[in-house]
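Okay, so here's the structure we're looking at.
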Amino acid sequence: MPFSIATWNINSVRLRMPLVAQFLADYQPDVLCLQETKCPDDLFPLSAFRKAGYEHVAISGQKGYHGVATVARRPIEIVEKRRFCDNGDCRHLSVHVEAGSRRILLHNFYVPAGGDEPDPEINPKFRHKLDFVAEMHDVPALEADNLSSVLVGDLNIAPLETDVWSHKQLLNVVSHTPIETTSFEAMRRAGNWVDLMRQAIPPEEKLYTWWSYRAQDWAASDRGRRLDHVWSSPNLSPALTGIKVLRHARGWERPSDHVPVIASFDLD
DNA sequence: ATGGTCGACCCTCGA
C-alpha cells in the first residue's frame, strides 16, 4: 500500500491556511507535519483541516512564536510533546500512526534557527541551538518487527556542501557552520537515522528547501539551503519510493520561505 | 560592502 508523509514550515498556519488546503487537495499526503504554526492551540484552524479531509490533529502551539502540528487522514495517537532545553518552547511533537502492518513513530521537529552570530559564547540563541541538537541525541530511530520511526521537520541546519548555494560563502553563516554540521551528522548517526532525502536524491546534486524572503528574485539568485529533513529508521528506508521537494511552492502567492517535502513509501 | 523581507503583535522579537 502507498503511504506518504509531508513536512512544511508554514510560517503562520492561520495566514496560509488557503495554501495548505490547496496543497492537501493537490497532493493528498496521508500525514502532514507543520512547523512555525505561530498559533495558540485554541485558535488552531481545526475546521479548515476537517473540511480538507484531515480530521485527526495533534498540536503543540504557543502565542506568536514556534509551534508544531501533525494532521492526518487516518487516526493518530499523540505520544509526547517534549520541551527541549526545558524552556517552554513548542518545538516537538510525536505521534503513532498505523500504516499497513506497521506502526510508525513520527517525530515532528522545529529546531531553533540560532540567531546571526555563530559564536555560542556571545550569542545565547546559537548556544540554545547547539544544546537543542545535543539533546536530540536522546531521540533514537526505534525499530522492531512491526515498528518503524520517522523524524521530519525544519531542523535549520544544512549539513552537506550541496545543501547550500555556496559552501565556501556560508561556512561562517548560521545553519552551515562546521560546529553545526558536524554535531548534526553525529546526532543523526548516533540515533541510527537514515537521511531519506539524500537516499533518493544523490548527495552530489544541489538540493534546497528554503529561500530567504530578502532576495529580490529568489528563483534567479537561487541562494537556497536544505533546512528541512526527512529521516527514518533503517527498517523503513527500503520502502521509500520517492521524495518530492515542491520548489515551485516558493513561487506561490504570499508563500512561506520554506517549501513542502513529501516522502512516499510502499508498505506491506 | 551592506542591507535586504516577513509574521505576530504592541513595537520589538524571532526568523
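Identifiers in the C-alpha cells: chain A, B, ... in order shown; residue index from 1 per chain; ligand index from 1 in order shown.
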
Next on the checklist: Need to verify the contact set: DC13 of chain B, 12 Å, only C-alpha atoms (C1' of nucleotides), exclusion of same-chain residues closer than 5 positions in sequence. Can you return it as a list in words?
Outcome noted: Gly64, Tyr65 and Gly115 of chain A; DG7 and DA8 of chain B

Item to check | Neighbours of chain B in chain A at 12 Å, counting only C-alpha atoms (C1' of nucleotides), as a PyMOL selection string | outcome: chain A and resi 9-16+36-40+62-66+111-116+125+156+174+211-218+254-258

Once you have the residues from the selection above, write them out as a compact mmCIF listing (two decimals), in the first residue's frame, restricted to N, CA, C and O atoms.
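The new file part29.txt reads:
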```txt
# COMPACT_ATOMS: atom_id res chain seq x y z
N ASN A 9 7.43 23.90 6.83
CA ASN A 9 7.44 25.06 7.72
C ASN A 9 6.53 26.10 7.07
O ASN A 9 6.85 26.65 6.02
N ILE A 10 5.40 26.37 7.72
CA ILE A 10 4.33 27.15 7.09
C ILE A 10 4.39 28.63 7.45
O ILE A 10 3.78 29.46 6.78
N ASN A 11 5.15 28.99 8.50
CA ASN A 11 5.30 30.40 8.91
C ASN A 11 3.95 31.10 9.05
O ASN A 11 3.65 32.04 8.32
N SER A 12 3.17 30.63 9.98
CA SER A 12 1.79 31.07 10.32
C SER A 12 0.74 30.23 9.60
O SER A 12 0.44 30.45 8.43
N VAL A 13 0.18 29.29 10.33
CA VAL A 13 -0.82 28.39 9.74
C VAL A 13 -2.13 29.11 9.45
O VAL A 13 -2.83 28.78 8.50
N ARG A 14 -2.45 30.14 10.26
CA ARG A 14 -3.71 30.84 10.02
C ARG A 14 -3.63 31.69 8.76
O ARG A 14 -4.53 31.66 7.92
N LEU A 15 -2.53 32.41 8.60
CA LEU A 15 -2.37 33.25 7.41
C LEU A 15 -2.37 32.41 6.13
O LEU A 15 -2.93 32.78 5.11
N ARG A 16 -1.71 31.23 6.20
CA ARG A 16 -1.53 30.45 4.98
C ARG A 16 -2.45 29.24 4.86
O ARG A 16 -2.21 28.35 4.04
N GLU A 36 6.36 26.08 12.73
CA GLU A 36 6.13 27.53 12.81
C GLU A 36 4.68 27.88 12.55
O GLU A 36 4.38 28.75 11.74
N THR A 37 3.81 27.21 13.27
CA THR A 37 2.38 27.49 13.12
C THR A 37 2.02 28.85 13.72
O THR A 37 1.03 29.45 13.32
N LYS A 38 2.79 29.31 14.68
CA LYS A 38 2.57 30.64 15.32
C LYS A 38 1.12 30.80 15.77
O LYS A 38 0.51 31.86 15.53
N CYS A 39 0.59 29.77 16.40
CA CYS A 39 -0.84 29.75 16.70
C CYS A 39 -1.11 29.03 18.02
O CYS A 39 -0.76 27.85 18.15
N PRO A 40 -1.74 29.72 18.98
CA PRO A 40 -2.14 29.02 20.21
C PRO A 40 -3.13 27.91 19.88
O PRO A 40 -3.90 28.02 18.90
N GLN A 62 1.89 27.78 20.59
CA GLN A 62 2.00 28.86 21.57
C GLN A 62 1.77 30.17 20.84
O GLN A 62 1.78 30.22 19.60
N LYS A 63 1.55 31.23 21.60
CA LYS A 63 1.25 32.53 21.01
C LYS A 63 2.46 33.15 20.33
O LYS A 63 3.50 33.28 20.94
N GLY A 64 2.32 33.50 19.06
CA GLY A 64 3.32 34.33 18.41
C GLY A 64 4.51 33.64 17.78
O GLY A 64 4.95 34.03 16.69
N TYR A 65 5.02 32.62 18.46
CA TYR A 65 6.27 32.02 18.00
C TYR A 65 6.16 30.49 17.88
O TYR A 65 5.34 29.85 18.54
N HIS A 66 7.05 29.93 17.05
CA HIS A 66 7.26 28.48 17.03
C HIS A 66 5.95 27.71 16.77
O HIS A 66 5.08 28.18 16.08
N VAL A 111 13.67 22.94 15.03
CA VAL A 111 14.93 23.27 15.73
C VAL A 111 15.14 24.79 15.69
O VAL A 111 14.89 25.42 14.65
N PRO A 112 15.62 25.38 16.79
CA PRO A 112 15.85 26.84 16.81
C PRO A 112 16.77 27.29 15.67
O PRO A 112 17.72 26.59 15.31
N ALA A 113 16.49 28.47 15.12
CA ALA A 113 17.29 28.98 14.00
C ALA A 113 18.69 29.35 14.45
O ALA A 113 19.65 29.18 13.71
N GLY A 114 18.82 29.94 15.64
CA GLY A 114 20.16 30.17 16.18
C GLY A 114 20.70 31.58 16.06
O GLY A 114 21.86 31.81 16.40
N GLY A 115 19.90 32.52 15.59
CA GLY A 115 20.37 33.91 15.50
C GLY A 115 21.42 34.10 14.42
O GLY A 115 21.62 33.24 13.56
N ASP A 116 22.12 35.25 14.48
CA ASP A 116 23.02 35.61 13.38
C ASP A 116 24.49 35.29 13.66
O ASP A 116 25.24 34.98 12.75
N LYS A 125 21.24 32.51 21.50
CA LYS A 125 20.38 31.76 20.57
C LYS A 125 21.16 30.64 19.89
O LYS A 125 20.63 29.56 19.63
N ASN A 156 16.78 23.38 10.54
CA ASN A 156 17.56 24.63 10.48
C ASN A 156 19.06 24.43 10.33
O ASN A 156 19.84 25.34 10.69
N VAL A 174 25.29 30.97 10.16
CA VAL A 174 24.49 30.05 10.97
C VAL A 174 23.58 29.22 10.06
O VAL A 174 22.91 29.76 9.19
N TRP A 211 14.36 29.41 0.77
CA TRP A 211 14.97 30.56 0.11
C TRP A 211 14.54 31.80 0.89
O TRP A 211 13.35 31.99 1.17
N SER A 212 15.51 32.68 1.21
CA SER A 212 15.24 33.85 2.04
C SER A 212 14.18 34.76 1.42
O SER A 212 14.10 34.92 0.20
N TYR A 213 13.40 35.40 2.30
CA TYR A 213 12.46 36.44 1.86
C TYR A 213 13.20 37.67 1.35
O TYR A 213 12.62 38.52 0.68
N ARG A 214 14.46 37.81 1.75
CA ARG A 214 15.16 39.05 1.46
C ARG A 214 15.71 39.14 0.04
O ARG A 214 16.08 40.23 -0.39
N ALA A 215 15.79 38.05 -0.65
CA ALA A 215 16.27 38.11 -2.03
C ALA A 215 15.25 38.86 -2.88
O ALA A 215 14.04 38.71 -2.69
N GLN A 216 15.74 39.66 -3.82
CA GLN A 216 14.77 40.38 -4.65
C GLN A 216 14.16 39.44 -5.69
O GLN A 216 13.01 39.66 -6.11
N ASP A 217 14.87 38.42 -6.09
CA ASP A 217 14.32 37.41 -7.00
C ASP A 217 14.88 36.05 -6.58
O ASP A 217 15.97 35.66 -6.98
N TRP A 218 14.11 35.35 -5.73
CA TRP A 218 14.61 34.12 -5.12
C TRP A 218 14.99 33.08 -6.19
O TRP A 218 15.98 32.36 -6.01
N ARG A 254 2.03 34.94 -1.72
CA ARG A 254 2.33 35.07 -0.28
C ARG A 254 2.83 33.75 0.30
O ARG A 254 2.20 33.14 1.16
N PRO A 255 3.97 33.29 -0.20
CA PRO A 255 4.46 31.96 0.19
C PRO A 255 5.14 31.94 1.55
O PRO A 255 5.55 32.99 2.07
N SER A 256 5.28 30.76 2.10
CA SER A 256 6.24 30.53 3.17
C SER A 256 7.64 30.62 2.56
O SER A 256 7.81 30.47 1.34
N ASP A 257 8.65 30.87 3.39
CA ASP A 257 10.01 30.84 2.85
C ASP A 257 10.55 29.40 2.74
O ASP A 257 11.60 29.18 2.15
N HIS A 258 9.80 28.43 3.28
CA HIS A 258 10.12 27.01 3.12
C HIS A 258 9.11 26.35 2.17
O HIS A 258 7.95 26.78 2.12
```

Checklist entry - Counting only C-alpha atoms (C1' of nucleotides), what is within 9 Å of Pro140 of chain A, bar same-chain residues fewer than 3 positions away, as a PyMOL selection string? => result chain A and resi 136-137+149+188+190-193+233

Next on the checklist: Which residues are close to Arg226 of chain A, i.e. within 9 Å by only C-alpha atoms (C1' of nucleotides), leaving aside same-chain residues fewer than 5 positions away? Reply as number ranges by chain.
Outcome noted: A: 156-160, 162-164, 206-210

Include all heavy atoms and write out the residues we just selected as a short mmCIF file (atom, residue, chain, number, x, y, z; two decimals), in the first residue's frame.
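Contents of out_37.cif, freshly written:
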```cif
data_model
loop_
_atom_site.label_atom_id
_atom_site.label_comp_id
_atom_site.auth_asym_id
_atom_site.auth_seq_id
_atom_site.Cartn_x
_atom_site.Cartn_y
_atom_site.Cartn_z
N ASN A 156 16.78 23.38 10.54
CA ASN A 156 17.56 24.63 10.48
C ASN A 156 19.06 24.43 10.33
O ASN A 156 19.84 25.34 10.69
CB ASN A 156 17.23 25.53 11.68
CG ASN A 156 16.13 26.53 11.34
OD1 ASN A 156 16.14 27.11 10.26
ND2 ASN A 156 15.19 26.73 12.24
N ILE A 157 19.47 23.27 9.83
CA ILE A 157 20.89 23.01 9.52
C ILE A 157 20.96 22.34 8.15
O ILE A 157 20.18 21.43 7.87
CB ILE A 157 21.55 22.13 10.60
CG1 ILE A 157 21.64 22.90 11.92
CG2 ILE A 157 22.96 21.69 10.16
CD1 ILE A 157 22.13 22.08 13.11
N ALA A 158 21.89 22.83 7.33
CA ALA A 158 22.13 22.27 6.00
C ALA A 158 23.47 21.54 6.05
O ALA A 158 24.52 22.17 5.97
CB ALA A 158 22.16 23.39 4.96
N PRO A 159 23.47 20.20 6.22
CA PRO A 159 24.71 19.50 6.58
C PRO A 159 25.72 19.33 5.44
O PRO A 159 26.92 19.40 5.69
CB PRO A 159 24.22 18.14 7.07
CG PRO A 159 22.88 17.95 6.44
CD PRO A 159 22.29 19.32 6.29
N LEU A 160 25.27 19.12 4.20
CA LEU A 160 26.21 18.81 3.11
C LEU A 160 26.59 20.06 2.33
O LEU A 160 25.86 21.05 2.31
CB LEU A 160 25.58 17.79 2.15
CG LEU A 160 25.05 16.49 2.75
CD1 LEU A 160 24.55 15.56 1.65
CD2 LEU A 160 26.11 15.79 3.59
N THR A 162 26.45 20.39 -0.73
CA THR A 162 25.45 20.58 -1.79
C THR A 162 24.08 20.97 -1.24
O THR A 162 23.12 21.09 -1.99
CB THR A 162 25.30 19.29 -2.60
OG1 THR A 162 25.13 18.21 -1.66
CG2 THR A 162 26.50 19.03 -3.47
N ASP A 163 24.02 21.15 0.08
CA ASP A 163 22.76 21.59 0.70
C ASP A 163 22.66 23.11 0.78
O ASP A 163 21.70 23.63 1.36
CB ASP A 163 22.64 21.01 2.12
CG ASP A 163 22.43 19.51 2.13
OD1 ASP A 163 21.94 18.97 1.12
OD2 ASP A 163 22.75 18.87 3.16
N VAL A 164 23.68 23.80 0.26
CA VAL A 164 23.66 25.27 0.25
C VAL A 164 24.16 25.77 -1.11
O VAL A 164 24.87 25.06 -1.82
CB VAL A 164 24.57 25.86 1.36
CG1 VAL A 164 23.99 25.58 2.74
CG2 VAL A 164 25.99 25.34 1.24
N LYS A 206 22.68 19.55 -6.00
CA LYS A 206 22.20 20.66 -5.17
C LYS A 206 20.74 20.41 -4.81
O LYS A 206 19.95 19.98 -5.65
CB LYS A 206 22.31 21.97 -5.93
CG LYS A 206 23.75 22.41 -6.18
CD LYS A 206 24.29 23.15 -4.98
CE LYS A 206 25.59 23.87 -5.32
NZ LYS A 206 26.23 24.40 -4.09
N LEU A 207 20.40 20.69 -3.55
CA LEU A 207 19.03 20.46 -3.11
C LEU A 207 18.69 21.44 -2.00
O LEU A 207 19.34 21.46 -0.96
CB LEU A 207 18.88 19.01 -2.60
CG LEU A 207 17.48 18.56 -2.20
CD1 LEU A 207 16.51 18.66 -3.36
CD2 LEU A 207 17.51 17.13 -1.65
N TYR A 208 17.65 22.27 -2.23
CA TYR A 208 17.25 23.29 -1.25
C TYR A 208 15.77 23.15 -0.91
O TYR A 208 14.96 22.72 -1.75
CB TYR A 208 17.47 24.70 -1.80
CG TYR A 208 18.78 24.94 -2.50
CD1 TYR A 208 18.84 25.66 -3.69
CD2 TYR A 208 19.97 24.44 -1.97
CE1 TYR A 208 20.03 25.89 -4.34
CE2 TYR A 208 21.18 24.67 -2.62
CZ TYR A 208 21.21 25.39 -3.81
OH TYR A 208 22.39 25.62 -4.46
N THR A 209 15.43 23.58 0.31
CA THR A 209 14.02 23.61 0.72
C THR A 209 13.61 24.98 1.22
O THR A 209 12.46 25.20 1.59
CB THR A 209 13.75 22.60 1.86
OG1 THR A 209 14.50 23.00 3.02
CG2 THR A 209 14.15 21.19 1.46
N TRP A 210 14.55 25.91 1.29
CA TRP A 210 14.31 27.25 1.84
C TRP A 210 15.05 28.30 1.02
O TRP A 210 16.19 28.06 0.61
CB TRP A 210 14.79 27.30 3.30
CG TRP A 210 14.78 28.65 3.95
CD1 TRP A 210 13.74 29.22 4.65
CD2 TRP A 210 15.83 29.62 3.97
NE1 TRP A 210 14.09 30.47 5.10
CE2 TRP A 210 15.38 30.75 4.69
CE3 TRP A 210 17.13 29.65 3.43
CZ2 TRP A 210 16.15 31.88 4.90
CZ3 TRP A 210 17.91 30.78 3.64
CH2 TRP A 210 17.43 31.87 4.37
#
```

Item to check | Residues of segment 64-264 of chain A in alpha helix (DSSP H), written as a PyMOL selection string | outcome: chain A and resi 124-135+167-170+178-190+196-200+218-221

Checklist entry - What does the distance from atom CA of Glu98 of chain A to atom CA of Met197 of chain A come to in Å, to one decimal? => result 22.2 Å

Segment 167-173 of chain A environment, 7 Å, only C-alpha atoms (C1' of nucleotides), sequence neighbours closer than 5 positions dropped, as a PDB file with N, CA, C and O atoms, in the first residue's frame:
```pdb
ATOM      1  N   PRO A 118      27.509  33.174  14.859  1.00  0.00           N
ATOM      2  CA  PRO A 118      27.763  31.752  15.129  1.00  0.00           C
ATOM      3  C   PRO A 118      28.791  31.512  16.221  1.00  0.00           C
ATOM      4  O   PRO A 118      29.750  30.768  16.027  1.00  0.00           O
ATOM      5  N   GLU A 161      27.724  19.967   1.648  1.00  0.00           N
ATOM      6  CA  GLU A 161      28.166  21.095   0.818  1.00  0.00           C
ATOM      7  C   GLU A 161      27.141  21.427  -0.261  1.00  0.00           C
ATOM      8  O   GLU A 161      26.989  22.590  -0.656  1.00  0.00           O
ATOM      9  N   PRO A 178      30.735  24.592  10.536  1.00  0.00           N
ATOM     10  CA  PRO A 178      31.227  23.237  10.843  1.00  0.00           C
ATOM     11  C   PRO A 178      30.743  22.716  12.193  1.00  0.00           C
ATOM     12  O   PRO A 178      30.451  21.522  12.316  1.00  0.00           O
TER      13      PRO A 178
END
```

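Separating atom CA of Ser148 of chain A from atom CA of Gly61 of chain A is a distance of 26.1 Å.
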
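Put simply, atom CA of Phe265 of chain A is 21.9 Å away from atom CA of Leu227 of chain A.
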
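Of the residues under consideration (A:Gly224, A:Pro29, A:Pro18, A:Gly100), A:Gly100 shows the shortest atom-to-atom contact distance to Met1 of chain A when counting only C-alpha atoms.
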